[in-house]
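Structure below is coords_6.txt: compact mmCIF, C-alpha atoms and all ligand atoms.
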# COMPACT_ATOMS: atom_id res chain seq x y z
CA SER Y 40 105.75 134.88 67.47
CA GLY Y 41 106.23 132.65 64.45
CA ALA Y 42 104.60 129.28 63.92
CA PHE Y 43 106.13 126.17 65.51
CA GLU Y 44 109.01 124.13 64.09
CA GLU Y 45 106.68 121.13 64.19
CA PRO Y 46 103.07 121.97 65.07
CA ARG Y 47 101.32 119.04 66.77
CA MET Y 48 98.52 117.50 64.75
CA VAL Y 49 95.43 115.61 65.99
CA VAL Y 50 96.19 111.91 65.50
CA ARG Y 51 93.07 110.37 67.14
CA LYS Y 52 89.70 111.60 68.32
CA PHE Y 53 87.41 109.91 70.87
CA LEU Y 54 83.90 110.96 71.87
CA ALA Y 55 83.58 110.25 75.62
CA ARG Y 56 80.19 108.70 76.36
CA PRO Y 57 78.47 108.58 79.80
CA GLN Y 58 79.03 105.49 81.97
CA LEU Y 59 78.22 104.66 85.60
CA GLU Y 60 80.93 105.00 88.22
CA GLY Y 61 80.97 105.08 92.03
CA VAL Y 62 77.41 104.83 93.40
CA GLY Y 63 75.01 106.30 90.89
CA ALA Y 64 77.51 108.79 89.51
CA VAL Y 65 77.95 109.36 85.77
CA VAL Y 66 81.35 109.89 84.15
CA ARG Y 67 82.36 110.47 80.55
CA ARG Y 68 85.63 108.52 80.57
CA SER Y 69 87.99 109.32 77.68
CA ILE Y 70 91.44 108.14 78.83
CA GLY Y 71 91.05 104.87 80.73
CA ARG Y 72 88.36 103.37 78.56
CA PHE Y 73 89.00 100.18 76.62
CA GLU Y 74 90.15 101.87 73.41
CA LEU Y 75 92.55 104.21 75.26
CA ARG Y 76 93.71 102.32 78.34
CA TYR Y 77 96.85 104.38 79.14
CA PHE Y 78 98.34 107.46 77.56
CA ASP Y 79 101.62 107.59 79.50
CA PRO Y 80 101.66 109.13 82.15
CA PHE Y 81 97.85 109.54 82.15
CA LEU Y 82 95.59 106.74 83.42
CA VAL Y 83 92.08 108.24 83.50
CA LEU Y 84 90.30 111.42 82.45
CA ASP Y 85 86.73 111.53 83.76
CA GLU Y 86 84.28 114.32 83.10
CA PHE Y 87 81.97 113.60 86.01
CA SER Y 88 78.42 114.63 86.82
CA VAL Y 89 76.98 113.69 90.21
CA THR Y 90 73.78 114.58 92.06
CA ALA Y 91 73.14 113.63 95.69
CA PRO Y 92 72.59 111.00 97.02
CA ALA Y 93 74.89 109.57 94.33
CA GLY Y 94 78.63 109.95 94.75
CA PHE Y 95 81.98 108.27 95.23
CA PRO Y 96 81.87 106.70 98.70
CA ASP Y 97 84.83 105.19 100.55
CA HIS Y 98 87.48 103.91 98.16
CA PRO Y 99 91.29 103.59 98.16
CA HIS Y 100 94.06 104.77 95.88
CA ARG Y 101 97.76 103.76 95.62
CA GLY Y 102 100.57 104.58 93.21
CA PHE Y 103 99.32 107.70 91.40
CA GLU Y 104 97.78 111.18 91.71
CA THR Y 105 94.20 112.38 91.25
CA VAL Y 106 93.59 115.93 90.01
CA THR Y 107 90.02 117.12 90.68
CA TYR Y 108 88.96 120.39 89.02
CA MET Y 109 85.38 121.55 89.66
CA LEU Y 110 83.46 123.08 86.75
CA GLN Y 111 80.10 123.50 88.53
CA GLY Y 112 79.00 122.88 92.12
CA ALA Y 113 81.13 121.34 94.85
CA VAL Y 114 82.41 118.02 96.17
CA THR Y 115 83.28 117.25 99.80
CA HIS Y 116 86.22 114.90 100.30
CA GLU Y 117 87.33 113.26 103.52
CA ASP Y 118 90.09 110.74 104.08
CA PHE Y 119 91.24 108.25 106.72
CA GLU Y 120 93.83 110.72 108.07
CA GLY Y 121 91.06 113.14 109.01
CA HIS Y 122 91.83 115.44 106.06
CA LYS Y 123 88.50 116.90 104.99
CA GLY Y 124 87.42 119.75 102.74
CA THR Y 125 85.10 121.01 100.04
CA ILE Y 126 86.24 121.67 96.48
CA GLY Y 127 84.00 124.43 95.15
CA PRO Y 128 83.38 125.87 91.65
CA GLY Y 129 86.72 126.43 89.89
CA ASP Y 130 88.70 124.98 92.81
CA LEU Y 131 91.51 122.46 92.35
CA GLN Y 132 92.59 119.47 94.44
CA TRP Y 133 95.85 117.82 93.41
CA MET Y 134 96.03 114.65 95.56
CA THR Y 135 99.18 112.55 95.61
CA ALA Y 136 97.94 109.21 96.89
CA GLY Y 137 101.43 107.69 96.96
CA ARG Y 138 101.51 104.68 99.32
CA GLY Y 139 97.82 104.89 100.11
CA ILE Y 140 94.72 106.96 100.64
CA LEU Y 141 91.22 105.84 101.65
CA HIS Y 142 88.68 108.60 101.06
CA SER Y 143 85.21 109.55 99.90
CA GLU Y 144 84.23 112.24 97.37
CA MET Y 145 80.55 113.22 97.69
CA PRO Y 146 78.32 116.06 96.42
CA ALA Y 147 78.60 119.04 98.77
CA ALA Y 148 75.42 120.77 97.61
CA GLN Y 149 72.03 120.10 96.08
CA GLY Y 150 71.83 119.90 92.30
CA THR Y 151 74.35 118.53 89.85
CA GLN Y 152 78.06 118.81 90.58
CA LYS Y 153 80.30 118.71 87.52
CA GLY Y 154 84.03 118.54 87.11
CA LEU Y 155 87.07 116.75 85.75
CA GLN Y 156 89.21 114.12 87.45
CA LEU Y 157 92.56 113.27 85.87
CA TRP Y 158 94.68 110.38 87.13
CA ILE Y 159 98.44 110.86 86.68
CA ASN Y 160 100.78 107.92 87.19
CA LEU Y 161 103.76 108.19 89.53
CA SER Y 162 107.24 106.84 88.77
CA SER Y 163 108.21 103.57 90.45
CA LYS Y 164 110.45 105.54 92.82
CA GLN Y 165 107.55 107.74 93.93
CA LYS Y 166 104.68 105.26 94.14
CA MET Y 167 105.15 104.64 97.88
CA ILE Y 168 105.74 108.21 99.05
CA GLU Y 169 103.63 109.74 101.84
CA PRO Y 170 100.25 111.07 100.62
CA ARG Y 171 100.21 114.82 99.91
CA TYR Y 172 97.57 117.41 98.96
CA GLN Y 173 97.93 120.60 97.00
CA GLU Y 174 94.66 122.54 97.14
CA ILE Y 175 94.11 125.84 95.31
CA SER Y 176 90.90 127.85 95.47
CA SER Y 177 89.47 129.27 92.29
CA LYS Y 178 90.47 132.87 93.07
CA ASP Y 179 94.11 131.80 93.58
CA ILE Y 180 94.44 129.88 90.30
CA ALA Y 181 96.93 131.66 88.01
CA GLU Y 182 94.99 133.31 85.17
CA ALA Y 183 96.00 135.36 82.13
CA THR Y 184 94.18 136.91 79.18
CA GLU Y 185 95.55 138.04 75.80
CA ASP Y 186 94.02 138.57 72.34
CA GLY Y 187 90.67 136.96 73.12
CA ILE Y 188 92.29 134.05 74.98
CA LYS Y 189 91.79 133.40 78.71
CA VAL Y 190 93.89 130.70 80.38
CA ARG Y 191 93.62 129.29 83.89
CA VAL Y 192 96.97 127.64 84.61
CA ILE Y 193 96.26 124.51 86.67
CA ALA Y 194 99.83 123.24 86.19
CA GLY Y 195 102.74 124.42 84.08
CA GLU Y 196 102.91 127.78 82.31
CA ALA Y 197 101.01 129.70 79.63
CA LEU Y 198 100.92 133.31 78.41
CA GLY Y 199 103.82 134.06 80.75
CA THR Y 200 101.89 132.85 83.83
CA LYS Y 201 102.96 129.94 86.04
CA SER Y 202 101.04 127.66 88.42
CA PRO Y 203 102.46 127.04 91.93
CA VAL Y 204 101.52 123.34 91.73
CA TYR Y 205 104.49 120.96 92.13
CA THR Y 206 104.14 118.17 89.57
CA ARG Y 207 106.06 115.04 90.61
CA THR Y 208 105.47 113.65 87.12
CA PRO Y 209 106.21 116.77 85.01
CA THR Y 210 102.77 117.88 83.77
CA MET Y 211 101.05 120.85 82.16
CA TYR Y 212 97.30 121.33 82.63
CA LEU Y 213 95.80 124.44 81.00
CA ASP Y 214 92.12 125.52 80.94
CA PHE Y 215 91.63 127.74 77.83
CA THR Y 216 88.62 129.85 76.84
CA LEU Y 217 88.82 131.38 73.35
CA LYS Y 218 86.48 134.12 72.14
CA PRO Y 219 85.13 133.88 68.56
CA GLY Y 220 87.99 134.55 66.14
CA ALA Y 221 90.78 133.92 68.65
CA HIS Y 222 93.90 131.97 67.59
CA LEU Y 223 96.14 130.25 70.16
CA ARG Y 224 99.75 129.11 69.90
CA GLN Y 225 100.81 127.14 73.02
CA PRO Y 226 104.30 125.61 73.32
CA ILE Y 227 104.47 121.97 74.51
CA PRO Y 228 107.76 120.24 75.45
CA MET Y 229 108.78 118.01 72.51
CA SER Y 230 109.11 114.78 74.50
CA TRP Y 231 105.74 115.04 76.29
CA ASN Y 232 102.51 113.24 75.45
CA ALA Y 233 99.67 115.75 75.09
CA PHE Y 234 95.91 115.82 74.53
CA VAL Y 235 93.02 118.25 74.28
CA TYR Y 236 89.60 117.66 75.85
CA VAL Y 237 86.84 119.99 74.58
CA LEU Y 238 84.43 121.24 77.27
CA GLU Y 239 82.26 123.80 75.45
CA GLY Y 240 81.71 125.16 71.95
CA GLU Y 241 83.65 123.95 68.93
CA GLY Y 242 87.30 124.37 68.05
CA VAL Y 243 89.77 123.78 65.23
CA PHE Y 244 93.01 122.13 66.41
CA GLY Y 245 96.38 121.39 64.80
CA SER Y 246 95.78 122.59 61.27
CA SER Y 247 93.53 125.56 60.42
CA LYS Y 248 91.99 123.38 57.72
CA SER Y 249 90.87 120.56 60.07
CA SER Y 250 87.15 120.23 60.87
CA PRO Y 251 85.72 121.71 64.10
CA VAL Y 252 85.58 119.48 67.20
CA THR Y 253 82.73 119.71 69.73
CA ALA Y 254 82.39 119.11 73.49
CA HIS Y 255 83.25 115.78 75.18
CA ASN Y 256 85.81 114.89 72.52
CA LEU Y 257 89.36 113.89 73.45
CA LEU Y 258 92.03 114.66 70.87
CA LEU Y 259 95.36 112.82 71.07
CA LEU Y 260 98.11 115.06 69.70
CA GLY Y 261 101.05 113.82 67.66
CA SER Y 262 104.68 114.85 68.16
CA GLY Y 263 105.82 118.44 67.94
CA ASP Y 264 106.78 121.56 69.87
CA GLY Y 265 103.39 123.19 70.24
CA LEU Y 266 99.64 123.33 69.58
CA GLU Y 267 97.71 125.79 67.45
CA ALA Y 268 93.97 126.23 67.99
CA TRP Y 269 91.33 128.45 66.41
CA ASN Y 270 87.81 129.46 67.40
CA LYS Y 271 86.06 129.94 64.05
CA SER Y 272 82.57 129.79 65.59
CA SER Y 273 80.32 132.50 67.03
CA LYS Y 274 80.32 130.98 70.55
CA LEU Y 275 82.94 130.65 73.26
CA LEU Y 276 85.33 127.70 72.93
CA ARG Y 277 86.55 126.08 76.16
CA PHE Y 278 88.98 123.18 76.35
CA ILE Y 279 91.79 121.79 78.49
CA LEU Y 280 95.27 121.11 77.09
CA VAL Y 281 97.12 118.51 79.17
CA GLY Y 282 100.65 117.25 78.63
CA GLY Y 283 103.03 115.07 80.64
CA GLN Y 284 106.44 113.49 80.48
CA PRO Y 285 105.99 109.76 79.73
CA LEU Y 286 107.35 107.49 82.52
CA GLY Y 287 108.19 104.59 80.19
CA GLU Y 288 107.72 102.01 82.96
CA PRO Y 289 105.69 98.77 83.11
CA LEU Y 290 102.09 99.23 84.29
CA VAL Y 291 99.93 96.82 86.28
CA GLN Y 292 96.57 98.27 87.36
CA PHE Y 293 93.87 96.82 89.57
CA GLY Y 294 91.12 99.47 89.72
CA PRO Y 295 92.41 102.26 91.94
CA PHE Y 296 95.75 100.50 92.57
CA VAL Y 297 98.44 101.28 89.97
CA MET Y 298 101.87 99.66 90.32
CA ASN Y 299 104.61 98.23 88.08
CA THR Y 300 104.40 94.48 88.68
CA GLN Y 301 101.76 91.89 89.53
CA GLU Y 302 103.64 91.12 92.77
CA GLU Y 303 103.33 94.77 93.85
CA ILE Y 304 99.59 94.65 93.08
CA ASP Y 305 99.23 91.42 95.10
CA GLN Y 306 101.11 93.10 97.96
CA THR Y 307 98.85 96.18 97.67
CA ILE Y 308 95.68 94.09 97.88
CA ASP Y 309 97.20 92.31 100.89
CA ASP Y 310 98.09 95.68 102.49
CA PHE Y 311 94.56 96.98 101.97
CA GLU Y 312 92.99 93.81 103.40
CA ASN Y 313 95.36 93.63 106.38
CA PHE Y 314 95.75 97.39 107.00
CA THR Y 315 99.54 97.50 106.52
CA ASN Y 316 102.17 99.61 104.68
CA GLY Y 317 100.16 102.84 104.62
CA PHE Y 318 96.62 101.46 104.99
CA GLU Y 319 96.81 101.15 108.81
CA LYS Y 320 94.07 103.72 109.40
CA ALA Y 321 91.74 101.98 106.99
CA ARG Y 322 91.02 99.47 109.75
CA HIS Y 323 88.62 101.68 111.72
CA TRP Y 324 87.81 104.59 109.38
CA ARG Y 325 84.47 105.16 107.68
CA SER Y 326 83.43 108.43 106.05
CA GLU Y 327 80.61 110.38 107.65
CA ALA Y 328 79.19 110.76 104.19
CA ALA Y 329 78.66 107.00 103.84
CA ILE Y 330 75.28 106.37 102.26
N1 LIG Y 401 84.32 102.86 91.94
C1 LIG Y 401 85.44 103.65 91.97
C2 LIG Y 401 86.70 103.09 92.01
C3 LIG Y 401 87.81 103.92 92.06
C4 LIG Y 401 87.65 105.31 92.07
F1 LIG Y 401 88.70 106.13 92.17
C5 LIG Y 401 86.40 105.87 92.01
C6 LIG Y 401 86.24 107.33 92.04
O1 LIG Y 401 86.17 107.85 93.13
C7 LIG Y 401 86.14 108.16 90.82
C8 LIG Y 401 86.25 107.73 89.54
N2 LIG Y 401 86.09 108.82 88.71
C9 LIG Y 401 85.87 109.92 89.47
N3 LIG Y 401 85.68 111.19 89.07
C10 LIG Y 401 85.47 112.13 90.02
C11 LIG Y 401 85.49 111.82 91.36
CL1 LIG Y 401 85.21 113.09 92.52
C12 LIG Y 401 85.72 110.53 91.80
C13 LIG Y 401 85.90 109.56 90.81
C14 LIG Y 401 85.30 105.05 91.97
F2 LIG Y 401 84.09 105.63 91.94
FE FE Y 402 89.11 109.05 94.79
Would you mind writing the structure in this file as structure tokens?
Ligand SMILES: Nc1ccc(F)c(C(=O)c2c[nH]c3ncc(Cl)cc23)c1F
Ligand SMILES: [Fe+3]
Amino acid sequence: SGAFEEPRMVVRKFLARPQLEGVGAVVRRSIGRFELRYFDPFLVLDEFSVTAPAGFPDHPHRGFETVTYMLQGAVTHEDFEGHKGTIGPGDLQWMTAGRGILHSEMPAAQGTQKGLQLWINLSSKQKMIEPRYQEISSKDIAEATEDGIKVRVIAGEALGTKSPVYTRTPTMYLDFTLKPGAHLRQPIPMSWNAFVYVLEGEGVFGSSKSSPVTAHNLLLLGSGDGLEAWNKSSKLLRFILVGGQPLGEPLVQFGPFVMNTQEEIDQTIDDFENFTNGFEKARHWRSEAAI
């Protein structure tokens, strides 16, 4: 197929550096750090690394979705509704917190567990919906290969392959591995915000003349109808391409509470402290994994 009408170029690049999060866990936060507070509709992208006894003990969420994708090892999650499970290597958990979740996310095995957690904002109309989970095991994740390119379709569509994940905020989330010499052309809806996060190797993005980008770098893409990428190195290149339809709504965030007005945040804090409006079961619940 021909090149794009308007190929998206890299407009900003951030190297995500390790910082502490949870209890003793380390995350490389790219979106959500001071210099890149919100990239509508995305609130946080954490590349996390956690070794027991560290972890993410009991904490709440309201008003958005968390997408946990394991790269190595496994994490056990359990919430105040009694929903419990283990997300293993390559598995996906798409959690719609909606009106409220209280849960823990702890290492499920010895050694270092690594993965990505993306926070996607919900529209004002959807912020107080019932919590929902979409969980897909690694073997069931839609995958396609073509011309030295392998894609695992977490959300959206690529190389003619679609993910079953329902995205309340329209989102694409693609995990690409390019062999040396491979060249990718991936369409992206014109109106969506999109970024690349490099996981492994080094890649050339946007223009074939731009300089190679290495792991742990987040690339904000400018406007356009698609992304071109090249692997001009001798090693494998692995990166995620994520795009989403901007919500264009006011944002007021207080840690893991993300609403549209200060009043809604005050109400949320009140709900969490008084166990109301979706936090009822937070009154007596503690995770078994509590340290
Ligand atoms: N303090 C605090 C406050 C709010 C949180 F949501 C969290 C938290 O749970 C995480 C933040 N990044 C993450 N990456 C991966 C995983 Cl599995 C969990 C998290 C946390 F730790
Ligand atoms: Fe969480």
_Nearest candidate to Y:Ala254 (options Y:Asp130, Y:Glu327, Y:Ala64, Y:Phe53; using only C-alpha atoms)_ =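 Among the listed residues, Y:Phe53 lies closest to Y:Ala254.
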Produce as a compact mmCIF listing (two decimals) with C-alpha atoms, in the frame of the given file the set of residues near ligand FE 402 (chain Y), where near means within 12 Å with all atoms listed in the file considered.
# COMPACT_ATOMS: atom_id res chain seq x y z
CA GLU Y 60 80.93 105.00 88.22
CA GLY Y 61 80.97 105.08 92.03
CA VAL Y 83 92.08 108.24 83.50
CA ASP Y 85 86.73 111.53 83.76
CA GLY Y 94 78.63 109.95 94.75
CA PHE Y 95 81.98 108.27 95.23
CA PRO Y 96 81.87 106.70 98.70
CA ASP Y 97 84.83 105.19 100.55
CA HIS Y 98 87.48 103.91 98.16
CA PRO Y 99 91.29 103.59 98.16
CA HIS Y 100 94.06 104.77 95.88
CA ARG Y 101 97.76 103.76 95.62
CA PHE Y 103 99.32 107.70 91.40
CA GLU Y 104 97.78 111.18 91.71
CA THR Y 105 94.20 112.38 91.25
CA VAL Y 106 93.59 115.93 90.01
CA THR Y 107 90.02 117.12 90.68
CA VAL Y 114 82.41 118.02 96.17
CA THR Y 115 83.28 117.25 99.80
CA HIS Y 116 86.22 114.90 100.30
CA GLU Y 117 87.33 113.26 103.52
CA ASP Y 118 90.09 110.74 104.08
CA GLN Y 132 92.59 119.47 94.44
CA TRP Y 133 95.85 117.82 93.41
CA MET Y 134 96.03 114.65 95.56
CA THR Y 135 99.18 112.55 95.61
CA ALA Y 136 97.94 109.21 96.89
CA GLY Y 139 97.82 104.89 100.11
CA ILE Y 140 94.72 106.96 100.64
CA LEU Y 141 91.22 105.84 101.65
CA HIS Y 142 88.68 108.60 101.06
CA SER Y 143 85.21 109.55 99.90
CA GLU Y 144 84.23 112.24 97.37
CA MET Y 145 80.55 113.22 97.69
CA GLN Y 156 89.21 114.12 87.45
CA LEU Y 157 92.56 113.27 85.87
CA TRP Y 158 94.68 110.38 87.13
CA GLY Y 294 91.12 99.47 89.72
CA PRO Y 295 92.41 102.26 91.94
CA PHE Y 296 95.75 100.50 92.57
*Measuring atom to atom with all atoms listed in the file, identify which of Y:Gly265, Y:Val66, Y:Phe119, Y:Pro46 is nearest to Y:Arg322.*
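Nearest candidate to Y:Arg322 out of Y:Gly265, Y:Val66, Y:Phe119, Y:Pro46: Y:Phe119.
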*Interatomic distance between atom CA of Y:Asn313 and atom CA of Y:Ser162?*
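Separation of atom CA of Y:Asn313 and atom CA of Y:Ser162: 25.0 Å.
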*Could you work out how far atom CA of Y:Phe87 lies from atom C2 of ligand LIG 401 (chain Y), giving the answer in Å with one decimal?*
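Separation between atom C2 of ligand LIG 401 (chain Y) and atom CA of Y:Phe87: 13.0 Å.
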Listed atoms of stretch 175-178 of chain Y, axis-aligned box, 3 Å per side: centre and edge lengths to one decimal in Å, as AutoDock Vina command-line options?
--center_x 91.8 --center_y 129.4 --center_z 93.9 --size_x 10.6 --size_y 13.0 --size_z 9.2
_12 Å contact set for Y:Thr315, all atoms listed in the file, chain neighbours under 6 positions out, as a ChimeraX atom specification_ = /Y:138-139,306-309,321-322
